[in-house]
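Scroll down for the structure; my scribbles are underneath it.
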Amino acid sequence: MDTSDLYRAVTGFARSAPVWVQSAFELWTGYGLLLFGLLLTAVWWRARGRGDARAVALALLGPVATAVAYVVSETVKSTVDEERPCRAVAGAAASLVACPPPGDHSFPSNHASIAGAAAVALVMAARRLAPLVVPLALLMAFSRVFVGVHYPHDVALGLLLGGAVAALLVLALTGPAASAVRAVRAGRIRAGVLLTGPGPDDASSPEVRNMPGCRMP
């Protein structure tokens with residue numbers, strides 16, 4: 001896959017952009033992933049105060065899915081010997097940030113994979129966040145091309161890889177994770193309850209409805 005021409009176009013546009021635009025993209029590409037971390041933390045904190053074990057499970061799986069997506073992306077990167085475009089593409093504008101050292105391969109983009117995974121995990125835990133996190137993930141991916149350290153195909157496939165890994169992992173583990181949350185809450189283990197919240201689980205759930213001595217209004 002050769003996206004060198006598109007890379008030249010984006011980096012040429014980046015070099016001609018106003019300085020404040022360049023600075024904004026440099027700041028976002030360097031620290032934007034922290035915002036995803038804060039959002040994941042906020043979703044977990046809100047979920048742990050609720051009774052719904054499934055909501056807590058989804059919130060806890062978000063960081064796990066994002067970490068797994070990073071590991072998968074890094075594994076692929078270590079096996080695909082693709083040189084960074086800031087060294088390989090002739091006639092391209094100079095990158096806005098320092099080109100990563102030789103041996104730090106280009107495909108796929110870890111930043112894009114992490115952003116894609118975090119965005120998917122956040123949407124699965126709180127759908128109302130989709131209008132916020134999906135554009136942020138796309139912006140993170142674009143920023144890696146804008147500052148000159150990735151090809152467009154690196155970030156596009158990085159987003160897909162991270163999002164797919166997160167979706168599959170969350171779908172596969174939500175049920176077991178919710179059961180684990182209920183077990184931790186029932187056991188009243190202090191360290192576990194700090195992580196899952198005290199509960200009790202949603203009063204409308206089958207477990208509560210069928211609990212001996214529990215009468216629903």
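Chain lettering (A, B, ...) mirrors the order of the structure tokens, residue numbering begins at 1 for each chain separately, and ligand numbering begins at 1 in order of display.
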Applying 7 Å and only C-alpha atoms, which residues near Ile114 of chain A remain after dropping the ones on its own chain fewer than 6 positions away? List them as a list of chain:residue names. A:Thr66, A:Ala69, A:Tyr70, A:Gly162
Show which residues sit within 9 Å of segment 83-86 of chain A, as an MDAnalysis selection string. Count only C-alpha atoms, and ignore same-chain residues fewer than 5 positions away. chainID A and resid 4 7 92:95 98:107 148:151
With C-alpha atoms kept, could you save the residues just selected as an mmCIF file, in the first residue's frame?
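Final output, saved to again27.cif:
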data_model
loop_
_atom_site.group_PDB
_atom_site.id
_atom_site.type_symbol
_atom_site.label_atom_id
_atom_site.label_comp_id
_atom_site.auth_asym_id
_atom_site.auth_seq_id
_atom_site.Cartn_x
_atom_site.Cartn_y
_atom_site.Cartn_z
ATOM 1 C CA SER A 4 3.151 8.604 -0.236
ATOM 2 C CA TYR A 7 1.431 11.980 2.840
ATOM 3 C CA ALA A 92 7.935 15.562 1.316
ATOM 4 C CA ALA A 93 7.941 18.563 3.610
ATOM 5 C CA ALA A 94 9.975 18.214 6.786
ATOM 6 C CA SER A 95 8.059 16.749 9.694
ATOM 7 C CA ALA A 98 11.417 14.897 15.340
ATOM 8 C CA CYS A 99 11.385 11.794 13.188
ATOM 9 C CA PRO A 100 11.453 8.648 15.377
ATOM 10 C CA PRO A 101 14.800 6.826 15.357
ATOM 11 C CA PRO A 102 15.596 4.011 12.919
ATOM 12 C CA GLY A 103 14.082 0.723 14.069
ATOM 13 C CA ASP A 104 10.929 2.425 15.349
ATOM 14 C CA HIS A 105 8.759 1.206 12.503
ATOM 15 C CA SER A 106 5.806 3.036 11.036
ATOM 16 C CA PHE A 107 3.034 0.458 10.539
ATOM 17 C CA GLY A 148 4.847 13.890 9.588
ATOM 18 C CA VAL A 149 5.584 10.682 11.475
ATOM 19 C CA HIS A 150 3.101 8.275 9.829
ATOM 20 C CA TYR A 151 1.658 7.394 6.446
#
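Distances from A:Arg188, A:Arg87, A:Arg182, A:His111 to Ala137 of chain A were compared using only C-alpha atoms, and the smallest one belongs to A:His111.
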Excluding Arg15 of chain A and its own-chain neighbours fewer than 5 positions away, which residues fall within 12 Å of it when counting only C-alpha atoms? Please give them as a PyMOL selection string. chain A and resi 8-10+20-23+25+92-97+145-148
Taking the backbone alone, and naming residues the way the document does, which bits of chain A are alpha helix (DSSP H) by DSSP, as a VMD selection string? chain A and resid 4 to 16 19 to 48 53 to 79 85 to 88 110 to 125 130 to 146 152 to 187 190 to 196 206 to 209
Please provide the set of residues having any atom within 9 Å of Val64 of chain A, restricted to only C-alpha atoms, with same-chain residues fewer than 5 positions apart removed, written as a list of chain:residue names. A:Ala69, A:Ala166, A:Leu169, A:Val170
Would you list the contacts of Leu122 of chain A as a list of chain:residue names, taking every protein, DNA or RNA residue within 10 Å and counting only C-alpha atoms, but skipping same-chain residues closer than 3 positions in sequence?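 My list of contacting residues is A:Phe36, A:Leu39, A:Leu40, A:Val43, A:Trp44, A:Leu58, A:Ala59, A:Leu61, A:Gly62, A:Pro63, A:Gly116, A:Ala117, A:Ala118, A:Ala119, A:Ala125, A:Ala126, A:Arg127, A:Arg128, A:Leu129, A:Ala130, A:Val133, A:Val134, A:Ala166.
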Just to be explicit: take each residue in the selection above, keep C-alpha atoms, and write the result as a short mmCIF file (atom, residue, chain, number, x, y, z; two decimals), in the first residue's frame.
data_model
loop_
_atom_site.label_atom_id
_atom_site.label_comp_id
_atom_site.auth_asym_id
_atom_site.auth_seq_id
_atom_site.Cartn_x
_atom_site.Cartn_y
_atom_site.Cartn_z
CA PHE A 36 -8.85 9.30 26.47
CA LEU A 39 -12.52 9.80 29.90
CA LEU A 40 -12.01 6.12 30.67
CA VAL A 43 -16.71 6.49 32.95
CA TRP A 44 -15.39 3.97 35.48
CA LEU A 58 -17.90 -2.35 30.62
CA ALA A 59 -16.11 0.52 32.36
CA LEU A 61 -12.89 -3.51 30.41
CA GLY A 62 -12.24 -0.20 28.62
CA PRO A 63 -8.66 0.31 29.85
CA GLY A 116 -9.46 3.67 18.13
CA ALA A 117 -9.60 1.12 20.93
CA ALA A 118 -10.36 3.71 23.61
CA ALA A 119 -13.08 5.30 21.49
CA ALA A 125 -19.69 1.73 27.94
CA ALA A 126 -21.48 5.05 27.34
CA ARG A 127 -23.04 5.52 23.90
CA ARG A 128 -23.70 9.20 24.51
CA LEU A 129 -19.94 9.80 24.27
CA ALA A 130 -19.83 8.75 20.60
CA VAL A 133 -14.76 10.38 21.20
CA VAL A 134 -15.13 9.28 17.57
CA ALA A 166 -11.44 -3.53 21.67
#
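Taking only C-alpha atoms into account, Arg185 of chain A lies nearest to A:Val56 out of the set A:Leu34, A:Val56, A:Leu27, A:Val19.
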Using only C-alpha atoms, which residues sit within 9 Å of Pro152 of chain A once same-chain residues fewer than 3 positions away are excluded, as a ChimeraX atom specification? /A:3-4,6-7,141-142,144-145,155-157
Residue selection dump (C-alpha atoms) as a PDB file, in the first residue's frame:
ATOM      1  CA  THR A   3       0.038   6.507   0.321  1.00  0.00           C
ATOM      2  CA  SER A   4       3.151   8.604  -0.236  1.00  0.00           C
ATOM      3  CA  LEU A   6      -1.292  11.744   0.213  1.00  0.00           C
ATOM      4  CA  TYR A   7       1.431  11.980   2.840  1.00  0.00           C
ATOM      5  CA  ALA A 141      -5.019   9.616  13.708  1.00  0.00           C
ATOM      6  CA  PHE A 142      -4.886  12.605  11.357  1.00  0.00           C
ATOM      7  CA  ARG A 144       0.115  11.652  13.249  1.00  0.00           C
ATOM      8  CA  VAL A 145       0.177  12.275   9.504  1.00  0.00           C
ATOM      9  CA  VAL A 155      -3.273   5.522  10.949  1.00  0.00           C
ATOM     10  CA  ALA A 156      -6.281   4.246   9.017  1.00  0.00           C
ATOM     11  CA  LEU A 157      -5.437   0.611   9.676  1.00  0.00           C
TER      12      LEU A 157
END
When you draw a straight line from atom CA of Ala65 of chain A to atom CA of Leu171 of chain A, how long is it in Å?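 We find that atom CA of Ala65 of chain A and atom CA of Leu171 of chain A lie 10.4 Å from each other.
For the pair atom CA of Val80 of chain A and atom CA of Gly163 of chain A, the interatomic distance is 19.8 Å.
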